[in-house]
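Have a look at run30.pdb; it's PDB, C-alpha atoms:
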```
ATOM      1  CA  MET A 256     -58.747   2.191 -19.523
ATOM      2  CA  ILE A 257     -62.304   1.676 -20.741
ATOM      3  CA  THR A 258     -65.259   3.130 -18.850
ATOM      4  CA  LEU A 259     -68.838   2.042 -19.547
ATOM      5  CA  LEU A 260     -71.496   4.499 -18.440
ATOM      6  CA  SER A 261     -74.672   2.824 -17.209
ATOM      7  CA  THR A 262     -77.747   3.416 -15.085
ATOM      8  CA  SER A 263     -77.294   2.457 -11.446
ATOM      9  CA  CYS A 264     -79.748  -0.435 -11.513
ATOM     10  CA  HIS A 265     -78.133  -2.059 -14.567
ATOM     11  CA  SER A 266     -74.439  -1.580 -13.812
ATOM     12  CA  TYR A 267     -73.819  -5.340 -13.423
ATOM     13  CA  THR A 268     -74.030  -6.412 -17.054
ATOM     14  CA  HIS A 269     -70.321  -6.329 -17.922
ATOM     15  CA  GLN A 270     -68.848  -8.020 -14.866
ATOM     16  CA  PRO A 271     -66.844 -10.583 -16.906
ATOM     17  CA  LEU A 272     -64.924  -7.712 -18.503
ATOM     18  CA  GLN A 273     -64.301  -6.134 -15.104
ATOM     19  CA  LYS A 274     -62.785  -9.400 -13.903
ATOM     20  CA  THR A 275     -60.410 -10.110 -16.797
ATOM     21  CA  ASP A 276     -56.746  -9.223 -16.360
ATOM     22  CA  ARG A 277     -56.477  -8.305 -20.053
ATOM     23  CA  LEU A 278     -58.379  -5.041 -19.627
ATOM     24  CA  ASP A 279     -58.783  -2.168 -17.224
ATOM     25  CA  PHE A 280     -62.573  -2.093 -17.632
ATOM     26  CA  ARG A 281     -64.698  -0.004 -15.300
ATOM     27  CA  VAL A 282     -68.372   0.882 -14.948
ATOM     28  CA  LEU A 283     -69.445   4.393 -13.993
ATOM     29  CA  THR A 284     -73.065   5.252 -13.267
ATOM     30  CA  TYR A 285     -74.598   8.295 -14.894
ATOM     31  CA  ASN A 286     -75.472   9.683 -11.452
ATOM     32  CA  ARG A 287     -71.790   9.776 -10.540
ATOM     33  CA  ALA A 288     -70.665  10.932 -13.977
ATOM     34  CA  PHE A 289     -73.019  13.933 -13.918
ATOM     35  CA  ARG A 290     -71.565  14.970 -10.547
ATOM     36  CA  ALA A 291     -67.927  14.617 -11.553
ATOM     37  CA  GLU A 292     -65.823  17.751 -11.899
ATOM     38  CA  ARG A 293     -63.089  15.709 -13.596
ATOM     39  CA  LEU A 294     -62.879  12.309 -15.238
ATOM     40  CA  PRO A 295     -59.781  10.234 -16.047
ATOM     41  CA  ARG A 296     -58.623   9.926 -19.624
ATOM     42  CA  GLY A 297     -59.467   6.756 -21.507
ATOM     43  CA  THR A 298     -62.194   5.310 -23.714
ATOM     44  CA  TYR A 299     -65.821   5.945 -22.738
ATOM     45  CA  ILE A 300     -68.864   3.937 -23.860
ATOM     46  CA  PHE A 301     -72.321   5.430 -23.337
ATOM     47  CA  SER A 302     -74.753   2.573 -22.715
ATOM     48  CA  ASP A 303     -78.257   2.033 -21.328
ATOM     49  CA  LEU A 304     -79.465   5.160 -23.093
ATOM     50  CA  ASP A 305     -83.036   3.908 -23.446
ATOM     51  CA  ARG A 306     -83.352   3.868 -19.650
ATOM     52  CA  LEU A 307     -82.480   7.543 -19.224
ATOM     53  CA  SER A 308     -85.054  10.295 -18.819
ATOM     54  CA  TYR A 309     -85.123  13.080 -21.387
ATOM     55  CA  TRP A 310     -83.006  15.429 -19.252
ATOM     56  CA  GLU A 311     -80.527  12.729 -18.303
ATOM     57  CA  LEU A 312     -80.158  11.904 -21.995
ATOM     58  CA  GLU A 313     -79.354  15.529 -22.778
ATOM     59  CA  LEU A 314     -76.831  15.681 -19.947
ATOM     60  CA  ALA A 315     -75.252  12.474 -21.277
ATOM     61  CA  ALA A 316     -74.992  14.040 -24.740
ATOM     62  CA  ARG A 317     -73.275  17.089 -23.249
ATOM     63  CA  LEU A 318     -70.852  14.867 -21.360
ATOM     64  CA  TYR A 319     -70.133  12.931 -24.555
ATOM     65  CA  ARG A 320     -69.228  16.161 -26.330
ATOM     66  CA  THR A 321     -67.050  17.363 -23.462
ATOM     67  CA  LEU A 322     -65.035  14.137 -23.519
ATOM     68  CA  GLN A 323     -64.842  14.113 -27.308
ATOM     69  CA  ALA A 324     -63.630  17.730 -27.411
ATOM     70  CA  ALA A 325     -60.846  16.726 -25.002
ATOM     71  CA  GLY A 326     -59.606  14.213 -27.568
ATOM     72  CA  LEU A 327     -60.962  11.087 -25.889
ATOM     73  CA  ARG A 328     -62.393   8.104 -27.745
ATOM     74  CA  VAL A 329     -66.144   7.980 -27.045
ATOM     75  CA  LEU A 330     -68.716   5.502 -28.349
ATOM     76  CA  ASN A 331     -72.501   5.903 -28.767
ATOM     77  CA  ASP A 332     -73.460   9.554 -29.083
ATOM     78  CA  PRO A 333     -76.573   9.915 -26.885
ATOM     79  CA  ALA A 334     -77.931  12.664 -29.132
ATOM     80  CA  ARG A 335     -77.693  10.587 -32.320
ATOM     81  CA  LEU A 336     -78.156   6.953 -31.344
ATOM     82  CA  ARG A 337     -81.486   5.602 -32.573
ATOM     83  CA  GLN A 338     -83.421   3.771 -29.926
ATOM     84  CA  ARG A 339     -85.920   0.996 -30.588
ATOM     85  CA  PHE A 340     -88.800   2.697 -32.434
ATOM     86  CA  PRO A 341     -86.796   5.116 -34.623
ATOM     87  CA  LEU A 342     -84.297   2.316 -35.262
ATOM     88  CA  LEU A 343     -86.998  -0.067 -36.513
ATOM     89  CA  ARG A 344     -88.477   2.668 -38.681
ATOM     90  CA  ALA A 345     -85.075   3.568 -40.131
ATOM     91  CA  LEU A 346     -84.156  -0.076 -40.797
ATOM     92  CA  GLN A 347     -87.408  -0.619 -42.667
ATOM     93  CA  HIS A 348     -87.015   2.628 -44.619
ATOM     94  CA  ALA A 349     -83.463   1.628 -45.615
ATOM     95  CA  GLY A 350     -84.681  -1.767 -46.839
ATOM     96  CA  PHE A 351     -82.717  -3.701 -44.232
ATOM     97  CA  ASN A 352     -85.799  -4.893 -42.350
ATOM     98  CA  ARG A 353     -88.956  -5.910 -44.113
ATOM     99  CA  PHE A 354     -91.258  -5.433 -41.107
ATOM    100  CA  GLY A 355     -92.688  -2.252 -39.633
ATOM    101  CA  ALA A 356     -93.448  -0.679 -36.259
ATOM    102  CA  TRP A 357     -96.005   1.903 -35.133
ATOM    103  CA  THR A 358     -96.695   3.799 -31.947
ATOM    104  CA  ALA A 359     -99.915   2.598 -30.350
ATOM    105  CA  ASP A 360    -101.590   5.992 -30.802
ATOM    106  CA  ASP A 361    -100.630   6.275 -34.478
ATOM    107  CA  PRO A 362    -103.868   6.666 -36.483
ATOM    108  CA  SER A 363    -102.393   4.528 -39.246
ATOM    109  CA  ARG A 364    -102.363   0.791 -38.752
ATOM    110  CA  PRO A 365    -100.362  -2.128 -40.149
ATOM    111  CA  ALA A 366    -101.219  -3.345 -43.621
ATOM    112  CA  ARG A 367    -100.208  -6.874 -42.636
ATOM    113  CA  TYR A 368    -100.995  -9.047 -39.654
ATOM    114  CA  PRO A 369    -100.231 -10.454 -37.170
ATOM    115  CA  VAL A 370     -98.603  -7.840 -34.964
ATOM    116  CA  PHE A 371     -97.778  -7.733 -31.269
ATOM    117  CA  LEU A 372     -97.612  -5.106 -28.550
ATOM    118  CA  ARG A 373     -94.429  -4.219 -26.700
ATOM    119  CA  THR A 374     -92.806  -1.259 -24.931
ATOM    120  CA  GLN A 375     -90.282   1.133 -26.429
ATOM    121  CA  CYS A 376     -87.751   1.131 -23.590
ATOM    122  CA  ALA A 377     -88.257  -1.883 -21.331
ATOM    123  CA  HIS A 378     -86.449  -5.135 -22.054
ATOM    124  CA  ARG A 379     -89.230  -7.523 -21.024
ATOM    125  CA  GLY A 380     -90.415  -8.970 -24.316
ATOM    126  CA  PRO A 381     -93.914  -8.761 -25.821
ATOM    127  CA  LEU A 382     -96.893  -7.456 -23.859
ATOM    128  CA  SER A 383     -99.332  -9.493 -25.956
ATOM    129  CA  ASP A 384     -99.760 -12.608 -27.996
ATOM    130  CA  LEU A 385     -99.893 -12.230 -31.766
ATOM    131  CA  LEU A 386    -102.773  -9.944 -32.726
ATOM    132  CA  ALA A 387    -104.754 -10.757 -35.841
ATOM    133  CA  ASP A 388    -106.828  -7.605 -36.435
ATOM    134  CA  GLU A 389    -107.753  -4.116 -35.250
ATOM    135  CA  ASP A 390    -110.188  -5.389 -32.623
ATOM    136  CA  GLU A 391    -107.500  -7.510 -30.967
ATOM    137  CA  ILE A 392    -105.114  -4.544 -31.074
ATOM    138  CA  ALA A 393    -107.656  -2.354 -29.274
ATOM    139  CA  VAL A 394    -108.163  -4.964 -26.550
ATOM    140  CA  ALA A 395    -104.402  -5.419 -26.062
ATOM    141  CA  ILE A 396    -103.775  -1.659 -25.840
ATOM    142  CA  GLU A 397    -106.593  -1.191 -23.341
ATOM    143  CA  ALA A 398    -105.260  -4.056 -21.211
ATOM    144  CA  ALA A 399    -101.780  -2.491 -21.179
ATOM    145  CA  LEU A 400    -103.168   0.923 -20.215
ATOM    146  CA  ALA A 401    -105.288  -0.662 -17.494
ATOM    147  CA  ASN A 402    -102.085  -2.186 -16.102
ATOM    148  CA  GLY A 403    -100.461   1.243 -15.979
ATOM    149  CA  VAL A 404     -98.206   1.035 -19.040
ATOM    150  CA  PRO A 405     -98.002   4.585 -20.458
ATOM    151  CA  MET A 406     -99.365   5.109 -23.952
ATOM    152  CA  ARG A 407     -96.131   6.797 -25.082
ATOM    153  CA  GLU A 408     -94.271   3.528 -24.346
ATOM    154  CA  LEU A 409     -96.506   1.246 -26.403
ATOM    155  CA  LEU A 410     -95.401  -0.025 -29.809
ATOM    156  CA  LEU A 411     -97.063  -2.254 -32.360
ATOM    157  CA  VAL A 412     -94.521  -4.409 -34.180
ATOM    158  CA  GLU A 413     -95.221  -6.526 -37.230
ATOM    159  CA  TYR A 414     -94.497 -10.200 -36.657
ATOM    160  CA  CYS A 415     -91.403 -11.273 -38.572
ATOM    161  CA  ALA A 416     -89.941 -14.584 -37.481
ATOM    162  CA  GLN A 417     -89.384 -18.016 -38.968
ATOM    163  CA  PRO A 418     -88.798 -21.312 -37.142
ATOM    164  CA  VAL A 419     -85.639 -23.250 -37.950
ATOM    165  CA  SER A 420     -87.628 -26.446 -37.428
ATOM    166  CA  GLU A 421     -91.044 -27.354 -36.064
ATOM    167  CA  ASN A 422     -91.763 -25.296 -32.912
ATOM    168  CA  LEU A 423     -88.142 -24.164 -32.662
ATOM    169  CA  PHE A 424     -87.107 -20.539 -33.094
ATOM    170  CA  ARG A 425     -83.583 -19.143 -33.115
ATOM    171  CA  LYS A 426     -82.497 -15.627 -32.184
ATOM    172  CA  LEU A 427     -79.015 -14.639 -33.301
ATOM    173  CA  ALA A 428     -76.806 -11.808 -32.077
ATOM    174  CA  THR A 429     -73.770  -9.837 -33.157
ATOM    175  CA  PHE A 430     -71.722  -7.289 -31.216
ATOM    176  CA  ARG A 431     -70.117  -4.150 -32.478
ATOM    177  CA  VAL A 432     -67.156  -2.732 -30.541
ATOM    178  CA  GLY A 433     -65.874   0.320 -32.361
ATOM    179  CA  GLU A 434     -65.099  -0.979 -35.843
ATOM    180  CA  ARG A 435     -64.918  -4.640 -34.818
ATOM    181  CA  MET A 436     -67.875  -6.973 -35.377
ATOM    182  CA  VAL A 437     -68.106 -10.088 -33.196
ATOM    183  CA  SER A 438     -70.688 -12.830 -33.681
ATOM    184  CA  THR A 439     -71.972 -14.389 -30.481
ATOM    185  CA  LEU A 440     -74.160 -17.281 -29.319
ATOM    186  CA  CYS A 441     -77.734 -17.986 -30.345
ATOM    187  CA  VAL A 442     -80.916 -18.362 -28.310
ATOM    188  CA  HIS A 443     -83.086 -21.414 -29.023
ATOM    189  CA  GLU A 444     -86.657 -21.448 -27.799
ATOM    190  CA  GLY A 445     -90.038 -22.949 -28.544
ATOM    191  CA  HIS A 446     -91.731 -19.522 -28.573
ATOM    192  CA  TRP A 447     -91.545 -17.076 -31.464
ATOM    193  CA  ALA A 448     -90.278 -14.326 -29.127
ATOM    194  CA  ALA A 449     -87.090 -16.196 -28.251
ATOM    195  CA  LYS A 450     -85.393 -14.301 -25.423
ATOM    196  CA  TYR A 451     -83.812 -16.405 -22.667
ATOM    197  CA  GLY A 452     -83.322 -19.790 -24.317
ATOM    198  CA  GLN A 453     -84.733 -23.207 -23.515
ATOM    199  CA  LEU A 454     -82.401 -25.984 -22.431
ATOM    200  CA  GLY A 455     -82.799 -29.269 -24.257
ATOM    201  CA  ILE A 456     -84.604 -27.906 -27.300
ATOM    202  CA  ALA A 457     -81.630 -27.460 -29.683
ATOM    203  CA  THR A 458     -79.768 -30.277 -31.407
ATOM    204  CA  GLN A 459     -76.092 -31.085 -31.840
ATOM    205  CA  GLU A 460     -76.401 -29.873 -35.427
ATOM    206  CA  LEU A 461     -77.622 -26.446 -34.276
ATOM    207  CA  TYR A 462     -74.822 -26.122 -31.714
ATOM    208  CA  ASP A 463     -72.257 -27.153 -34.323
ATOM    209  CA  ASP A 464     -73.634 -24.426 -36.571
ATOM    210  CA  GLU A 465     -73.535 -21.965 -33.671
ATOM    211  CA  PHE A 466     -69.819 -22.637 -33.247
ATOM    212  CA  ALA A 467     -69.318 -22.076 -36.973
ATOM    213  CA  ILE A 468     -71.189 -18.750 -36.728
ATOM    214  CA  VAL A 469     -68.815 -17.545 -34.005
ATOM    215  CA  ASP A 470     -65.710 -19.048 -35.587
ATOM    216  CA  THR A 471     -66.265 -17.521 -39.034
ATOM    217  CA  ASN A 472     -67.963 -14.361 -37.710
ATOM    218  CA  ARG A 473     -70.678 -15.229 -40.197
ATOM    219  CA  TYR A 474     -72.987 -12.292 -39.522
ATOM    220  CA  GLY A 475     -70.416  -9.672 -38.578
ATOM    221  CA  GLU A 476     -70.244  -7.721 -41.815
ATOM    222  CA  PRO A 477     -73.894  -8.345 -42.823
ATOM    223  CA  LEU A 478     -74.965  -6.628 -39.574
ATOM    224  CA  ARG A 479     -72.645  -3.614 -39.841
ATOM    225  CA  PRO A 480     -75.157  -1.563 -41.896
ATOM    226  CA  ALA A 481     -77.759  -1.957 -39.132
ATOM    227  CA  PHE A 482     -75.362  -0.458 -36.594
ATOM    228  CA  ASP A 483     -74.504   2.342 -39.003
ATOM    229  CA  ILE A 484     -78.200   3.107 -39.527
ATOM    230  CA  GLY A 485     -78.684   3.150 -35.763
ATOM    231  CA  HIS A 486     -75.572   5.329 -35.157
ATOM    232  CA  ALA A 487     -74.442   2.657 -32.677
ATOM    233  CA  ASP A 488     -70.700   2.270 -32.082
ATOM    234  CA  TYR A 489     -71.183  -0.307 -29.352
ATOM    235  CA  GLY A 490     -73.941  -2.789 -28.617
ATOM    236  CA  ARG A 491     -75.459  -6.122 -29.482
ATOM    237  CA  ALA A 492     -77.852  -6.502 -32.390
ATOM    238  CA  ASP A 493     -80.513  -9.140 -31.793
ATOM    239  CA  PHE A 494     -81.865 -10.562 -35.026
ATOM    240  CA  ALA A 495     -83.241 -13.612 -36.784
ATOM    241  CA  LEU A 496     -83.122 -14.986 -40.296
ATOM    242  CA  VAL A 497     -86.324 -14.812 -42.317
ATOM    243  CA  ASP A 498     -86.033 -16.358 -45.764
ATOM    244  CA  GLY A 499     -82.282 -16.148 -45.272
ATOM    245  CA  ARG A 500     -82.220 -12.396 -44.575
ATOM    246  CA  PRO A 501     -81.239 -10.896 -41.195
ATOM    247  CA  GLN A 502     -84.097  -9.025 -39.551
ATOM    248  CA  VAL A 503     -82.936  -6.844 -36.652
ATOM    249  CA  TYR A 504     -85.227  -6.499 -33.642
ATOM    250  CA  GLU A 505     -83.107  -4.178 -31.507
ATOM    251  CA  ILE A 506     -79.600  -2.973 -30.715
ATOM    252  CA  ASN A 507     -78.972  -3.298 -26.987
ATOM    253  CA  THR A 508     -76.315  -0.844 -25.808
ATOM    254  CA  ASN A 509     -76.003  -2.489 -22.377
ATOM    255  CA  PRO A 510     -76.131  -6.211 -23.185
ATOM    256  CA  MET A 511     -75.780  -8.837 -20.493
ATOM    257  CA  LEU A 512     -72.491 -10.719 -20.681
ATOM    258  CA  ASP A 513     -73.173 -14.061 -19.036
ATOM    259  CA  PRO A 514     -70.608 -16.779 -19.758
ATOM    260  CA  VAL A 515     -71.891 -20.298 -20.293
ATOM    261  CA  GLY A 516     -71.038 -22.542 -17.362
ATOM    262  CA  GLN A 517     -71.932 -26.194 -17.609
ATOM    263  CA  HIS A 518     -73.811 -27.327 -20.687
ATOM    264  CA  PRO A 519     -74.785 -30.732 -22.134
ATOM    265  CA  PHE A 520     -73.101 -29.846 -25.439
ATOM    266  CA  ALA A 521     -69.363 -29.230 -25.118
ATOM    267  CA  ILE A 522     -69.293 -27.423 -28.460
ATOM    268  CA  ARG A 523     -71.404 -24.615 -26.961
ATOM    269  CA  ILE A 524     -68.887 -24.050 -24.166
ATOM    270  CA  ARG A 525     -66.139 -23.866 -26.803
ATOM    271  CA  ALA A 526     -68.171 -21.388 -28.854
ATOM    272  CA  ASP A 527     -68.711 -19.202 -25.814
ATOM    273  CA  ALA A 528     -65.005 -19.230 -24.906
ATOM    274  CA  LEU A 529     -64.105 -18.264 -28.478
ATOM    275  CA  PHE A 530     -66.650 -15.446 -28.462
ATOM    276  CA  PHE A 531     -65.350 -13.993 -25.192
ATOM    277  CA  ASP A 532     -61.767 -14.172 -26.400
ATOM    278  CA  ARG A 533     -62.667 -12.223 -29.547
ATOM    279  CA  LEU A 534     -64.838  -9.770 -27.636
ATOM    280  CA  ILE A 535     -61.963  -8.949 -25.285
ATOM    281  CA  ASP A 536     -59.671  -8.574 -28.318
ATOM    282  CA  ALA A 537     -62.138  -6.054 -29.729
ATOM    283  CA  PHE A 538     -62.185  -4.090 -26.481
ATOM    284  CA  CYS A 539     -58.396  -4.107 -26.392
ATOM    285  CA  GLU A 540     -58.439  -2.374 -29.793
ATOM    286  CA  ILE A 541     -60.458   0.569 -28.466
ATOM    287  CA  ASP A 542     -58.596   0.804 -25.154
ATOM    288  CA  SER A 543     -56.822   4.119 -24.583
ATOM    289  CA  GLU A 544     -55.245   6.193 -21.835
ATOM    290  CA  GLY A 545     -53.603   9.535 -21.305
ATOM    291  CA  ALA A 546     -52.057  11.812 -18.731
ATOM    292  CA  GLY A 547     -54.154  14.041 -16.505
ATOM    293  CA  PRO A 548     -57.921  14.143 -15.992
ATOM    294  CA  VAL A 549     -60.468  15.917 -18.184
ATOM    295  CA  ALA A 550     -62.279  18.879 -16.643
ATOM    296  CA  ILE A 551     -66.057  18.569 -17.037
ATOM    297  CA  ASP A 552     -66.686  22.233 -17.659
ATOM    298  CA  ASP A 553     -69.889  22.130 -19.710
ATOM    299  CA  ALA A 554     -72.141  24.896 -18.338
ATOM    300  CA  ALA A 555     -75.252  22.710 -18.013
ATOM    301  CA  LEU A 556     -73.335  19.929 -16.261
ATOM    302  CA  ALA A 557     -71.675  22.422 -13.899
ATOM    303  CA  THR A 558     -75.045  23.948 -12.999
ATOM    304  CA  GLN A 559     -76.561  20.512 -12.547
ATOM    305  CA  ARG A 560     -73.787  19.506 -10.138
ATOM    306  CA  LYS A 561     -74.698  22.390  -7.852
ATOM    307  CA  ARG A 562     -78.426  21.671  -7.987
ATOM    308  CA  ASP A 563     -77.984  17.955  -7.348
ATOM    309  CA  ARG A 564     -75.485  18.275  -4.517
ATOM    310  CA  PHE A 565     -77.861  16.842  -1.904
ATOM    311  CA  VAL A 566     -80.056  14.520  -3.978
ATOM    312  CA  LEU A 567     -79.519  11.030  -5.359
ATOM    313  CA  ARG A 568     -80.703  11.577  -8.920
ATOM    314  CA  SER A 569     -80.454  14.466 -11.357
ATOM    315  CA  ARG A 570     -83.420  16.796 -11.136
ATOM    316  CA  TRP A 571     -84.937  18.207 -14.280
ATOM    317  CA  THR A 572     -84.088  21.827 -14.882
ATOM    318  CA  PRO A 573     -85.775  22.707 -18.221
TER     319      PRO A 573
END
```
I need this file expressed as structure tokens, please.
Amino acid sequence: MITLLSTSCHSYTHQPLQKTDRLDFRVLTYNRAFRAERLPRGTYIFSDLDRLSYWELELAARLYRTLQAAGLRVLNDPARLRQRFPLLRALQHAGFNRFGAWTADDPSRPARYPVFLRTQCAHRGPLSDLLADEDEIAVAIEAALANGVPMRELLLVEYCAQPVSENLFRKLATFRVGERMVSTLCVHEGHWAAKYGQLGIATQELYDDEFAIVDTNRYGEPLRPAFDIGHADYGRADFALVDGRPQVYEINTNPMLDPVGQHPFAIRIRADALFFDRLIDAFCEIDSEGAGPVAIDDAALATQRKRDRFVLRSRWTP
């Protein structure tokens, strides 16, 4: 059995794995996990960590350690996993990425432009267009604050992208599941911040190459160091090639699994089927089970259970 821990509002992302008959894959919300006196044995994946509050993150880290001490296989240590800003800083420091990131209230500023504004935790793409100088940065930050975006959430990220052809950008992605690396489909879009994809913009040649990426797992091993730097045992690294080098933008620990349905290019449907087959194989490798439940006896979790008995979400106690 494999259990993915997720926030309540984003517990839908792995439905294809819940539906396959090759796995016993379940999703457990953190709210329920923090209230559990016992949990069944199996493999546990801690996801969606960037959407947890500070106290919830600490409770998740305590739960991780309780399960690990009981001999269970657990992925993504909430106390160690690097989220977006520290991950980008660490990747640049290690020489993997060549672009930088700064908090919006950092007195230092980028040495190179353009940059753009985004949030640390939300998955909604850029908050600004490309910014060419300090004056444009100040205007963009003020606009975000005026819209209620907290200063602590604001990041400045150096632009680092490269079109594959005129007005066509490509975002690539690779999964890590334990020790297995699995290349997945690309996103093709006319905007530099490729996120959702744009139907009709990619060519047969690009979709043929996409199939080859999945088939040969082209970027599996090249992306492993990024996961190691981020202390991420499970997730999807979103990246692009700039002058032939992978540049990682984030590692999403709760990625959306959305199989391709109908598509004008049959090769893309084949690539997607191959990816899902290999992804399920990877999950099968980390699957585990055992006899008897695990008692969740961590003192902080036990105290929290009593305090949260009649509320829907964990209340802060520090």
The PyMOL selection byres ((chain A and resi 349-352) around 10) - which residues does that actually catch in the file I just gave you? List them as a short mmCIF file (atom, residue, chain, number, x, y, z; two decimals) with C-alpha atoms, keeping the file's coordinate frame.
```cif
data_model
loop_
_atom_site.label_atom_id
_atom_site.label_comp_id
_atom_site.auth_asym_id
_atom_site.auth_seq_id
_atom_site.Cartn_x
_atom_site.Cartn_y
_atom_site.Cartn_z
CA LEU A 343 -87.00 -0.07 -36.51
CA ARG A 344 -88.48 2.67 -38.68
CA ALA A 345 -85.08 3.57 -40.13
CA LEU A 346 -84.16 -0.08 -40.80
CA GLN A 347 -87.41 -0.62 -42.67
CA HIS A 348 -87.02 2.63 -44.62
CA ARG A 353 -88.96 -5.91 -44.11
CA PHE A 354 -91.26 -5.43 -41.11
CA GLY A 355 -92.69 -2.25 -39.63
CA CYS A 415 -91.40 -11.27 -38.57
CA LEU A 478 -74.96 -6.63 -39.57
CA PRO A 480 -75.16 -1.56 -41.90
CA ALA A 481 -77.76 -1.96 -39.13
CA ILE A 484 -78.20 3.11 -39.53
CA VAL A 497 -86.32 -14.81 -42.32
CA ARG A 500 -82.22 -12.40 -44.58
CA PRO A 501 -81.24 -10.90 -41.20
CA GLN A 502 -84.10 -9.02 -39.55
CA VAL A 503 -82.94 -6.84 -36.65
CA TYR A 504 -85.23 -6.50 -33.64
#
```
For this session: Could you check which of A:Leu461, A:Leu372, A:Val549, A:Leu454 is closest to A:Leu318, using all atoms listed in the file?
Result: A:Val549
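Distances here use only C-alpha atoms; by that measure, the residue among A:Cys539, A:Leu259, A:Val432, A:Leu314 closest to A:Arg560 is A:Leu314.
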Excluding A:Asp332 and residues on its chain fewer than 4 positions from it, collect all residues at most 10 Å away from it, counting only C-alpha atoms, and give them as a PDB file with C-alpha atoms, in the coordinates of the input.
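Result written to out.pdb:
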```
ATOM      1  CA  ILE A 300     -68.864   3.937 -23.860  1.00  0.00           C
ATOM      2  CA  PHE A 301     -72.321   5.430 -23.337  1.00  0.00           C
ATOM      3  CA  SER A 302     -74.753   2.573 -22.715  1.00  0.00           C
ATOM      4  CA  LEU A 304     -79.465   5.160 -23.093  1.00  0.00           C
ATOM      5  CA  ALA A 315     -75.252  12.474 -21.277  1.00  0.00           C
ATOM      6  CA  ALA A 316     -74.992  14.040 -24.740  1.00  0.00           C
ATOM      7  CA  ARG A 317     -73.275  17.089 -23.249  1.00  0.00           C
ATOM      8  CA  LEU A 318     -70.852  14.867 -21.360  1.00  0.00           C
ATOM      9  CA  TYR A 319     -70.133  12.931 -24.555  1.00  0.00           C
ATOM     10  CA  ARG A 320     -69.228  16.161 -26.330  1.00  0.00           C
ATOM     11  CA  GLN A 323     -64.842  14.113 -27.308  1.00  0.00           C
ATOM     12  CA  LEU A 336     -78.156   6.953 -31.344  1.00  0.00           C
ATOM     13  CA  ARG A 337     -81.486   5.602 -32.573  1.00  0.00           C
ATOM     14  CA  HIS A 486     -75.572   5.329 -35.157  1.00  0.00           C
ATOM     15  CA  ALA A 487     -74.442   2.657 -32.677  1.00  0.00           C
ATOM     16  CA  ASP A 488     -70.700   2.270 -32.082  1.00  0.00           C
TER      17      ASP A 488
END
```
Give me the box for stretch 358-373 of chain A as AutoDock Vina command-line options, namely the centre and edge lengths in Å to one decimal of a box along x, y and z that holds every listed atom plus 6 Å on each side.
```
--center_x -99.1 --center_y -1.9 --center_z -35.2 --size_x 21.4 --size_y 29.1 --size_z 28.9
```
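With all atoms listed in the file as the basis for measurement, A:Glu465 is the residue among A:Glu389, A:Asp536, A:Glu465, A:Asp360 that approaches A:Arg425 most closely.
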Using 12 Å as the limit and counting all atoms listed in the file, can you tabulate each residue of stretch 310-364 of chain A that touches stretch 392-402 of chain A, with its shortest atom-to-atom distance in Å and the two atoms involved, as a tab-separated table?
```
residue	atom	partner	partner_atom	distance
A:Trp357	CA	A:Ile392	CA	11.9
A:Thr358	CA	A:Ile396	CA	10.8
A:Ala359	CA	A:Ile396	CA	7.3
A:Asp360	CA	A:Ile396	CA	9.4
A:Arg364	CA	A:Ile392	CA	9.7
```
Seminar exercise, completed: Computed gap from atom CA of A:Cys264 to atom CA of A:Arg564 is 20.4 Å
Problem set entry | Residue with smallest distance to A:Phe340 - pool A:Asp552, A:Glu505, A:Glu391, A:Glu460, counting all atoms listed in the file | A:Glu505
For this session: Report the distance between atom CA of A:Ala366 and atom CA of A:Ala387 in Å, rounded to one decimal place.
Result: 11.3 Å
For this session: Kindly resolve the PyMOL selection byres ((chain A and resi 489) around 10) on the present coordinates and return the residues as a VMD selection string.
Result: chain A and resid 300 to 302 329 to 331 430 to 436 482 486 to 488 490 to 492 506 to 510
For this session: Please evaluate the PyMOL selection byres ((chain A and resi 305) around 8) against the structure above and give the resulting residues as an MDAnalysis selection string.
Result: chainID A and resid 303:304 306:307 338 376
